[in-house]
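Okay, entry-v8.cif is below, mmCIF, C-alpha atoms and all ligand atoms:
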```cif
data_input
loop_
_atom_site.label_atom_id
_atom_site.label_comp_id
_atom_site.auth_asym_id
_atom_site.auth_seq_id
_atom_site.Cartn_x
_atom_site.Cartn_y
_atom_site.Cartn_z
CA MET F 1 289.84 -7.20 -2.01
CA ALA F 2 290.16 -4.90 -4.98
CA GLN F 3 293.24 -5.35 -7.09
CA ALA F 4 295.77 -2.57 -7.03
CA PRO F 5 296.00 -0.88 -10.40
CA GLY F 6 298.95 -1.96 -12.50
CA PRO F 7 301.55 0.40 -13.90
CA ALA F 8 300.18 2.93 -16.31
CA LYS F 9 300.30 1.60 -19.82
CA LEU F 10 300.63 4.41 -22.27
CA ASP F 11 303.31 2.82 -24.36
CA HIS F 12 301.02 2.98 -27.37
CA LEU F 13 301.16 6.78 -27.19
CA LEU F 14 304.93 6.78 -27.00
CA ASP F 15 305.02 4.42 -29.95
CA ARG F 16 302.77 6.74 -31.92
CA ASN F 17 305.10 9.61 -31.06
CA VAL F 18 308.10 7.77 -32.49
CA ALA F 19 306.21 6.94 -35.65
CA TRP F 20 305.08 10.55 -35.97
CA ALA F 21 308.60 11.95 -35.50
CA GLN F 22 309.94 9.49 -38.08
CA ARG F 23 307.21 10.41 -40.54
CA ARG F 24 307.84 14.13 -40.10
CA THR F 25 311.56 13.68 -40.62
CA ARG F 26 311.01 11.55 -43.69
CA ASP F 27 308.71 14.15 -45.21
CA ASP F 28 310.84 17.13 -44.17
CA PRO F 29 314.39 16.24 -43.09
CA THR F 30 315.14 19.62 -41.49
CA PHE F 31 311.77 19.96 -39.69
CA PHE F 32 313.00 19.33 -36.16
CA VAL F 33 316.21 21.25 -36.75
CA ARG F 34 314.11 24.31 -37.54
CA MET F 35 311.74 23.64 -34.64
CA SER F 36 314.62 23.41 -32.18
CA GLU F 37 315.97 26.82 -33.12
CA GLN F 38 312.95 28.98 -32.34
CA GLN F 39 309.20 29.28 -32.57
CA THR F 40 307.78 32.05 -34.71
CA PRO F 41 304.01 31.66 -34.58
CA LYS F 42 301.96 34.31 -36.30
CA TYR F 43 298.78 33.57 -34.38
CA LEU F 44 297.54 33.27 -30.83
CA TRP F 45 294.56 30.96 -30.44
CA ILE F 46 292.32 31.34 -27.40
CA GLY F 47 289.95 28.40 -27.53
CA CYS F 48 287.99 25.84 -25.58
CA SER F 49 289.67 22.84 -23.95
CA ASP F 50 287.23 20.59 -25.83
CA SER F 51 289.21 17.68 -27.28
CA ARG F 52 287.57 18.14 -30.68
CA VAL F 53 288.74 21.70 -31.20
CA THR F 54 292.51 21.59 -31.54
CA ALA F 55 293.97 24.74 -33.07
CA ASN F 56 296.64 23.17 -35.25
CA ASP F 57 294.23 20.65 -36.76
CA VAL F 58 291.40 23.08 -37.34
CA LEU F 59 293.71 25.64 -38.95
CA ASP F 60 295.77 22.96 -40.72
CA LEU F 61 298.96 24.42 -39.27
CA ASP F 62 302.23 22.75 -38.35
CA PRO F 63 303.89 22.80 -34.94
CA GLY F 64 305.48 26.21 -34.46
CA GLU F 65 302.77 28.11 -36.28
CA VAL F 66 300.18 28.87 -33.61
CA PHE F 67 300.58 29.80 -29.94
CA VAL F 68 297.72 28.34 -27.92
CA HIS F 69 295.74 29.02 -24.76
CA ARG F 70 292.72 26.87 -24.00
CA ASN F 71 290.28 26.68 -21.13
CA ILE F 72 286.70 25.60 -20.57
CA ALA F 73 284.40 27.64 -22.83
CA ASN F 74 287.25 29.93 -24.00
CA VAL F 75 286.65 32.50 -21.29
CA ALA F 76 288.92 35.53 -20.88
CA HIS F 77 288.80 36.37 -17.18
CA SER F 78 290.56 39.67 -16.46
CA SER F 79 292.28 38.08 -13.45
CA ASP F 80 293.37 34.83 -15.11
CA MET F 81 297.16 34.94 -14.78
CA ASN F 82 297.49 31.99 -17.12
CA LEU F 83 295.69 33.71 -19.98
CA LEU F 84 297.32 37.07 -19.27
CA ALA F 85 300.83 35.59 -19.22
CA VAL F 86 300.18 33.77 -22.49
CA LEU F 87 298.73 36.89 -24.08
CA GLU F 88 301.57 39.10 -22.90
CA TYR F 89 304.22 36.67 -24.09
CA ALA F 90 302.50 36.26 -27.45
CA VAL F 91 302.13 39.99 -28.06
CA ASN F 92 305.29 41.41 -26.50
CA VAL F 93 307.84 38.66 -27.04
CA LEU F 94 306.65 36.55 -29.95
CA ARG F 95 305.20 39.64 -31.65
CA VAL F 96 302.09 37.79 -32.69
CA GLN F 97 299.79 40.11 -34.61
CA HIS F 98 296.66 37.99 -34.79
CA VAL F 99 294.71 36.91 -31.72
CA ILE F 100 291.87 34.52 -32.48
CA VAL F 101 289.17 33.91 -29.89
CA CYS F 102 287.45 30.75 -31.07
CA GLY F 103 284.39 29.16 -29.52
CA HIS F 104 282.52 26.16 -30.83
CA TYR F 105 278.95 25.02 -31.22
CA GLY F 106 277.82 22.36 -28.80
CA CYS F 107 280.19 23.62 -26.10
CA GLY F 108 279.69 21.64 -22.88
CA GLY F 109 280.83 24.59 -20.78
CA ILE F 110 278.28 26.90 -22.32
CA GLU F 111 275.61 24.22 -21.97
CA ARG F 112 276.36 23.97 -18.29
CA ALA F 113 276.15 27.75 -17.87
CA LEU F 114 272.65 27.56 -19.34
CA GLY F 115 271.58 24.82 -16.95
CA ASP F 116 270.76 24.75 -13.25
CA ASP F 117 273.50 22.58 -11.75
CA ARG F 118 275.89 24.64 -9.64
CA SER F 119 277.77 21.88 -7.85
CA ALA F 120 281.26 22.10 -9.34
CA LEU F 121 284.28 24.34 -9.46
CA VAL F 122 283.64 24.96 -13.13
CA ASP F 123 280.53 26.93 -12.14
CA PHE F 124 282.76 29.64 -10.68
CA TRP F 125 284.67 29.73 -13.92
CA LEU F 126 281.48 30.06 -15.96
CA GLN F 127 279.87 32.67 -13.74
CA PRO F 128 280.09 35.58 -16.22
CA LEU F 129 278.19 33.48 -18.75
CA MET F 130 275.56 32.45 -16.22
CA MET F 131 275.03 36.06 -15.21
CA PHE F 132 274.68 37.15 -18.81
CA TYR F 133 272.22 34.36 -19.53
CA ARG F 134 270.14 35.15 -16.46
CA LYS F 135 270.07 38.83 -17.32
CA HIS F 136 268.82 38.16 -20.84
CA LYS F 137 266.78 35.05 -20.20
CA ALA F 138 263.73 36.49 -21.95
CA VAL F 139 265.70 36.82 -25.21
CA PHE F 140 266.93 33.25 -24.99
CA ASP F 141 263.54 31.89 -23.95
CA ALA F 142 262.03 33.40 -27.08
CA LEU F 143 264.12 31.04 -29.21
CA PRO F 144 262.41 27.88 -30.42
CA ASP F 145 264.52 25.26 -28.67
CA ARG F 146 267.43 24.42 -26.42
CA ARG F 147 269.78 23.97 -29.36
CA SER F 148 269.09 27.49 -30.63
CA ARG F 149 269.71 28.93 -27.18
CA LEU F 150 272.98 27.06 -26.90
CA ASP F 151 274.12 28.15 -30.38
CA LEU F 152 273.33 31.78 -29.63
CA MET F 153 275.14 31.67 -26.32
CA CYS F 154 278.17 30.03 -27.97
CA GLU F 155 278.28 32.92 -30.45
CA ILE F 156 277.65 35.68 -27.94
CA ASN F 157 280.28 34.23 -25.64
CA VAL F 158 282.90 34.62 -28.37
CA GLU F 159 281.96 38.24 -28.87
CA MET F 160 282.04 38.79 -25.12
CA GLN F 161 285.52 37.31 -24.85
CA VAL F 162 286.81 39.32 -27.83
CA ARG F 163 285.75 42.44 -25.94
CA ARG F 164 287.44 41.20 -22.80
CA VAL F 165 290.72 40.40 -24.56
CA ALA F 166 290.60 43.83 -26.19
CA ALA F 167 290.11 45.39 -22.76
CA THR F 168 293.25 43.89 -21.23
CA PRO F 169 296.09 46.32 -20.52
CA ILE F 170 298.28 44.13 -22.74
CA VAL F 171 296.21 44.75 -25.85
CA GLU F 172 295.51 48.35 -24.89
CA ASN F 173 299.20 49.01 -24.53
CA ALA F 174 299.96 47.45 -27.91
CA TRP F 175 297.36 49.64 -29.58
CA LEU F 176 298.53 52.73 -27.71
CA HIS F 177 301.99 52.13 -29.17
CA LYS F 178 300.56 51.61 -32.65
CA MET F 179 301.58 47.96 -32.77
CA PRO F 180 299.69 46.05 -35.45
CA LEU F 181 297.45 43.70 -33.51
CA TYR F 182 294.15 42.20 -34.56
CA VAL F 183 291.63 40.41 -32.36
CA TYR F 184 289.15 38.11 -34.11
CA GLY F 185 286.04 36.25 -32.99
CA TRP F 186 285.33 32.91 -34.64
CA VAL F 187 283.17 29.89 -33.91
CA TYR F 188 283.87 26.32 -34.97
CA GLY F 189 281.30 23.75 -36.05
CA THR F 190 282.16 20.38 -34.53
CA ALA F 191 279.77 18.70 -36.98
CA ASP F 192 281.35 20.02 -40.18
CA GLY F 193 284.86 21.12 -39.20
CA LEU F 194 284.29 24.67 -40.43
CA LEU F 195 285.17 27.97 -38.85
CA ARG F 196 282.78 30.89 -39.07
CA LYS F 197 283.63 34.53 -38.59
CA LEU F 198 281.56 36.19 -35.91
CA GLY F 199 283.36 39.38 -35.21
CA PRO F 200 284.00 41.84 -33.99
CA THR F 201 287.48 42.09 -35.56
CA LEU F 202 289.34 44.77 -33.67
CA SER F 203 292.63 46.49 -34.44
CA SER F 204 292.53 49.73 -32.47
CA LEU F 205 291.26 51.37 -29.33
CA ALA F 206 288.89 53.46 -31.44
CA GLU F 207 287.32 50.35 -32.96
CA ARG F 208 286.95 48.75 -29.58
CA ASP F 209 285.46 51.84 -28.00
CA SER F 210 282.93 52.25 -30.80
CA LEU F 211 281.43 48.80 -30.21
CA VAL F 212 277.97 48.51 -28.79
CA SER F 213 277.88 46.76 -25.44
CA ILE F 214 277.57 42.98 -25.41
CA ASP F 215 274.08 43.43 -23.93
CA ASP F 216 273.00 45.50 -26.93
CA ARG F 217 274.81 43.16 -29.27
CA LEU F 218 272.61 40.28 -28.17
CA LEU F 219 269.64 41.99 -29.71
CA MET F 220 271.29 42.33 -33.12
CA PRO F 221 271.59 39.53 -35.65
CA VAL F 222 275.02 37.92 -35.90
CA GLU F 223 276.84 39.29 -38.94
CA PRO F 224 276.41 37.08 -41.98
CA GLN F 225 279.35 35.47 -43.69
CA SER F 226 280.20 37.36 -46.82
CA GLY F 227 280.78 36.40 -50.42
CA VAL F 228 282.97 33.60 -51.61
CA ARG F 229 283.61 32.02 -48.24
CA GLN F 230 279.90 31.68 -47.57
CA GLN F 231 279.45 30.05 -50.98
CA ALA F 232 282.22 27.60 -50.16
CA ILE F 233 280.64 26.78 -46.83
CA ASP F 234 277.23 26.34 -48.44
CA ALA F 235 278.65 24.01 -51.07
CA PHE F 236 280.49 21.97 -48.47
CA THR F 237 277.59 21.69 -46.08
CA ALA F 238 275.39 20.57 -48.97
CA LEU F 239 277.76 17.65 -49.35
CA LEU F 240 277.23 16.59 -45.78
CA ASP F 241 274.30 14.29 -45.37
CA GLY F 242 271.90 17.03 -44.45
CA LYS F 243 271.51 16.03 -40.85
CA SER F 244 273.06 19.20 -39.54
CA SER F 245 274.85 22.22 -40.93
CA ARG F 246 276.79 22.59 -37.74
CO CO K 301 283.67 23.89 -25.28
#
```
Let me see the structure of the file written as C-alpha cells.
Amino acid sequence: MAQAPGPAKLDHLLDRNVAWAQRRTRDDPTFFVRMSEQQTPKYLWIGCSDSRVTANDVLDLDPGEVFVHRNIANVAHSSDMNLLAVLEYAVNVLRVQHVIVCGHYGCGGIERALGDDRSALVDFWLQPLMMFYRKHKAVFDALPDRRSRLDLMCEINVEMQVRRVAATPIVENAWLHKMPLYVYGWVYGTADGLLRKLGPTLSSLAERDSLVSIDDRLLMPVEPQSGVRQQAIDAFTALLDGKSSR
C-alpha cells in the first residue's frame, strides 16, 4: 500500500523569509514601516507567469515599486476580469502612469500556441495567438527555423497585447480625460537578462488609432533599438559566451 504523504514541509521557505526580513531591516531600518503605510508603485507590469520573468528582479525594483499582473503568455483578454480589475485599480486608484506589457523569448505558452496539441485548458486561453498564427502561417513558415518563428511570435504577441490594453475602456477613459498614461511593449531575454523595447509606446487615443493593424505589423520589421542602449546591449552580449544573444 502506498504511504500517505507526510505533512507539507516548506519550513525552509519560511526560514528564508525570516532571514530576508531581517536582512532588509538591517539594511534599511524603516523599510517595513514605510511599506506598511501605503504602496505607491509607479508602474504596472503585465507579464508572463514564467518563473524566470519576475518583474521586481528584472527591473531591479524593491517591494512597493511595481504593481503586477501575470498570466500565461501575458495575454490581455478583453473579458479577463482579473486583468481588468488590476488595470483599473492601477490606473484609477494607484494613479500608475506607466503600463508595461512584457513578453519573453522562449515563452512556453507561445510555443504551445504554435504547436498542434489542443488538449488542455490553456489552449482556450491561447486561442487568439493560435488564430493569428494560423492566419499568417505562410509568413512564419518562411522563417528559417522553429526558433525564429517562436521569437517572432513572442514579439508580435507583445505588440498585440499592447493594442488590446490600449483598447480597454479603462485606458480609453484615462486618455479621454487627459490623464498621463503610457503603454509600453517590451520583451525579455531569458538567456541574458535584458529587456528590449518593441513598441508601440502609446500615450493617447490618437497614437493608438494611427497604428497599423497587428496583421499589417507582422509584415514590417520590428523597430531596432536605438543609440546608447543598443550599444550597451551589444557590449554586454559580447561578454556572454557567444552561445546565444537571447
Ligand atoms: Co511565457
Worksheet item: Residues within 8 Å of ligand CO 301 (chain K) (all atoms listed in the file), as number ranges by chain?
Response: F: 48-50, 72-74, 103-110
With 9 Å as the cut-off and all atoms listed in the file counted, what is the closest atom pair between each nearby residue of region 111-229 of chain F and region 86-93 of chain F? Distances in Å to one decimal, ordered by chain and number, as a Markdown table.
```
| residue | atom | partner | partner_atom | distance |
| --- | --- | --- | --- | --- |
| F:Val165 | CA | F:Leu87 | CA | 8.8 |
| F:Ile170 | CA | F:Glu88 | CA | 6.0 |
| F:Val171 | CA | F:Val91 | CA | 7.9 |
| F:Ala174 | CA | F:Val91 | CA | 7.8 |
| F:Leu181 | CA | F:Val91 | CA | 8.1 |
```
Item to complete: Do a neighbour search on Leu202 (chain F) at 7 Å with only C-alpha atoms, toss out local chain neighbours closer than 2 positions, and write the hits as an MDAnalysis selection string.
Response: chainID F and resid 182:184 200 204 207:208
Output the selection as a CSV table (one decimal), in the coordinates of the input - C-alpha atoms for each residue.
```
chain,number,residue,atom,x,y,z
F,182,TYR,CA,294.2,42.2,-34.6
F,183,VAL,CA,291.6,40.4,-32.4
F,184,TYR,CA,289.2,38.1,-34.1
F,200,PRO,CA,284.0,41.8,-34.0
F,204,SER,CA,292.5,49.7,-32.5
F,207,GLU,CA,287.3,50.4,-33.0
F,208,ARG,CA,287.0,48.8,-29.6
```
Got a sec: who's within 12 Å of region 114-130 of chain F, counting only C-alpha atoms, leaving out chain neighbours fewer than 3 positions off, as an mmCIF file with C-alpha atoms, in the coordinates of the input?
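Ended up saving to part00.cif:
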```
data_model
loop_
_atom_site.group_PDB
_atom_site.id
_atom_site.type_symbol
_atom_site.label_atom_id
_atom_site.label_comp_id
_atom_site.auth_asym_id
_atom_site.auth_seq_id
_atom_site.Cartn_x
_atom_site.Cartn_y
_atom_site.Cartn_z
ATOM 1 C CA ASN F 71 290.280 26.680 -21.130
ATOM 2 C CA ILE F 72 286.700 25.600 -20.570
ATOM 3 C CA ALA F 73 284.400 27.640 -22.830
ATOM 4 C CA ASN F 74 287.250 29.930 -24.000
ATOM 5 C CA VAL F 75 286.650 32.500 -21.290
ATOM 6 C CA ALA F 76 288.920 35.530 -20.880
ATOM 7 C CA HIS F 77 288.800 36.370 -17.180
ATOM 8 C CA SER F 78 290.560 39.670 -16.460
ATOM 9 C CA SER F 79 292.280 38.080 -13.450
ATOM 10 C CA ASP F 80 293.370 34.830 -15.110
ATOM 11 C CA GLY F 106 277.820 22.360 -28.800
ATOM 12 C CA CYS F 107 280.190 23.620 -26.100
ATOM 13 C CA GLY F 108 279.690 21.640 -22.880
ATOM 14 C CA GLY F 109 280.830 24.590 -20.780
ATOM 15 C CA ILE F 110 278.280 26.900 -22.320
ATOM 16 C CA GLU F 111 275.610 24.220 -21.970
ATOM 17 C CA TYR F 133 272.220 34.360 -19.530
ATOM 18 C CA ARG F 134 270.140 35.150 -16.460
ATOM 19 C CA LYS F 135 270.070 38.830 -17.320
ATOM 20 C CA HIS F 136 268.820 38.160 -20.840
ATOM 21 C CA LYS F 137 266.780 35.050 -20.200
ATOM 22 C CA PHE F 140 266.930 33.250 -24.990
ATOM 23 C CA ASP F 141 263.540 31.890 -23.950
ATOM 24 C CA ARG F 146 267.430 24.420 -26.420
ATOM 25 C CA ARG F 147 269.780 23.970 -29.360
ATOM 26 C CA SER F 148 269.090 27.490 -30.630
ATOM 27 C CA ARG F 149 269.710 28.930 -27.180
ATOM 28 C CA LEU F 150 272.980 27.060 -26.900
ATOM 29 C CA ASP F 151 274.120 28.150 -30.380
ATOM 30 C CA LEU F 152 273.330 31.780 -29.630
ATOM 31 C CA MET F 153 275.140 31.670 -26.320
ATOM 32 C CA CYS F 154 278.170 30.030 -27.970
ATOM 33 C CA GLU F 155 278.280 32.920 -30.450
ATOM 34 C CA ILE F 156 277.650 35.680 -27.940
ATOM 35 C CA ASN F 157 280.280 34.230 -25.640
ATOM 36 C CA VAL F 158 282.900 34.620 -28.370
ATOM 37 C CA GLU F 159 281.960 38.240 -28.870
ATOM 38 C CA MET F 160 282.040 38.790 -25.120
ATOM 39 C CA GLN F 161 285.520 37.310 -24.850
ATOM 40 C CA ARG F 164 287.440 41.200 -22.800
ATOM 41 C CA ILE F 214 277.570 42.980 -25.410
ATOM 42 C CA ASP F 215 274.080 43.430 -23.930
#
```
Worksheet item: When you draw a straight line from CA of Gln22 (chain F) to CA of Phe67 (chain F), how long is it in Å?
Response: 23.8 Å
Worksheet, complete the sentence: The distance between CA of Val66 (chain F) and CA of Leu195 (chain F) is 15.9 Å
